[in-house]
Structures are given as C-alpha cells and as structure tokens.
Amino acid sequence: MGDAIDRIAAAIDQLASDAQGETSGQELAARVADLWLMVSDLDPELARRRQQYTAPEGGTPSA
C-alpha cells in the first residue's frame with residue numbers, strides 16, 4: 001500500500017507542477033480522473049460512494 005500512496009503523491013506533485021505550465025485543461029482533467037482511479041483502487045468504499053455522486057437520479061453512474 002505504501003508504494004501506491006507514493007505513486008499517488010508523486011502524480012499529485014507532477015499534476016500541480018504541470019498545472020502551472022502550458023498543459024491543456026483537457027489533459028489536466030484526464031490526469032485528475034486517473035488520480036481518482038488510483039485512490040479508488042486503494043479504497044473500494046470510496047469508489048462505491050463516488051459512483052453515487054456521479055449517478056443521475058434513478059439512473060446509472062456516468063463513469
């Protein structure tokens with residue numbers, strides 16, 4: 001688990017650095033989504049709750 005957390009921390013640091021440069025908003029958004037996937041892999045309960053936040057009322061999650 002420690003290695004996964006280290007990878008997430010490194011990805012966050014790199015994202016923060018790149019956000020100050022000329023990286024496109026679309027690229028940054030994709031990388032934030034990738035970070036959420038990494039975090040969700042560590043915490044299945046968080047992943048389950050995240051789906052509730054993105055699901056339309058009475059529908060399925062938007063992914």
# chains A, B, ... in the order shown; residues from 1 in each chain; ligands from 1
>>> residues_around(residues="Ala4 of chain A", least_positions_apart="6", cutoff="12 Å", atoms="only C-alpha atoms", output="list in words")
Ala10, Ala11, Leu35, Leu37, Met38, Val39, Ser40, Asp41, Leu42 and Asp43 of chain A
>>> write_last_selection(atoms="C-alpha atoms", output="tab-separated table (two decimals), in the first residue's frame")
chain	number	residue	atom	x	y	z
A	10	ALA	CA	4.18	11.80	-6.99
A	11	ALA	CA	1.32	12.07	-9.50
A	35	LEU	CA	-5.69	10.05	-9.86
A	37	LEU	CA	-8.93	5.83	-10.13
A	38	MET	CA	-5.67	5.29	-8.27
A	39	VAL	CA	-7.25	6.43	-5.00
A	40	SER	CA	-10.37	4.32	-5.63
A	41	ASP	CA	-8.19	1.25	-6.13
A	42	LEU	CA	-6.90	1.75	-2.59
A	43	ASP	CA	-10.32	2.35	-1.05
>>> residues_around(residues="segment 23-31 of chain A", least_positions_apart="6", cutoff="12 Å", atoms="only C-alpha atoms", output="PyMOL selection string")
chain A and resi 8+11-17+37-38
>>> write_last_selection(atoms="N, CA and C atoms", output="PDB file, in the first residue's frame")
ATOM      1  N   ILE A   8       0.742   7.914  -5.909  1.00  0.00           N
ATOM      2  CA  ILE A   8      -0.311   8.933  -5.919  1.00  0.00           C
ATOM      3  C   ILE A   8       0.269  10.299  -5.542  1.00  0.00           C
ATOM      4  N   ALA A  11       2.214  11.630  -8.427  1.00  0.00           N
ATOM      5  CA  ALA A  11       1.322  12.065  -9.501  1.00  0.00           C
ATOM      6  C   ALA A  11       0.666  13.401  -9.158  1.00  0.00           C
ATOM      7  N   ILE A  12       0.307  13.600  -7.901  1.00  0.00           N
ATOM      8  CA  ILE A  12      -0.280  14.873  -7.466  1.00  0.00           C
ATOM      9  C   ILE A  12       0.747  15.999  -7.590  1.00  0.00           C
ATOM     10  N   ASP A  13       1.961  15.733  -7.155  1.00  0.00           N
ATOM     11  CA  ASP A  13       3.018  16.748  -7.269  1.00  0.00           C
ATOM     12  C   ASP A  13       3.266  17.117  -8.726  1.00  0.00           C
ATOM     13  N   GLN A  14       3.315  16.112  -9.600  1.00  0.00           N
ATOM     14  CA  GLN A  14       3.552  16.375 -11.017  1.00  0.00           C
ATOM     15  C   GLN A  14       2.385  17.146 -11.623  1.00  0.00           C
ATOM     16  N   LEU A  15       1.173  16.780 -11.249  1.00  0.00           N
ATOM     17  CA  LEU A  15      -0.007  17.478 -11.745  1.00  0.00           C
ATOM     18  C   LEU A  15       0.009  18.942 -11.310  1.00  0.00           C
ATOM     19  N   ALA A  16       0.347  19.190 -10.055  1.00  0.00           N
ATOM     20  CA  ALA A  16       0.417  20.565  -9.553  1.00  0.00           C
ATOM     21  C   ALA A  16       1.453  21.373 -10.323  1.00  0.00           C
ATOM     22  N   SER A  17       2.576  20.758 -10.593  1.00  0.00           N
ATOM     23  CA  SER A  17       3.621  21.436 -11.352  1.00  0.00           C
ATOM     24  C   SER A  17       3.164  21.728 -12.778  1.00  0.00           C
ATOM     25  N   LEU A  37      -8.945   7.282  -9.960  1.00  0.00           N
ATOM     26  CA  LEU A  37      -8.926   5.828 -10.135  1.00  0.00           C
ATOM     27  C   LEU A  37      -7.879   5.190  -9.238  1.00  0.00           C
ATOM     28  N   MET A  38      -6.729   5.816  -9.130  1.00  0.00           N
ATOM     29  CA  MET A  38      -5.671   5.289  -8.270  1.00  0.00           C
ATOM     30  C   MET A  38      -6.132   5.270  -6.809  1.00  0.00           C
TER      31      MET A  38
END
>>> atom_distance(atom1="atom CA of Asp18 of chain A", atom2="atom CA of Gly2 of chain A")
24.2 Å
>>> atom_distance(atom1="atom CA of Asp6 of chain A", atom2="atom CA of Val32 of chain A")
16.1 Å
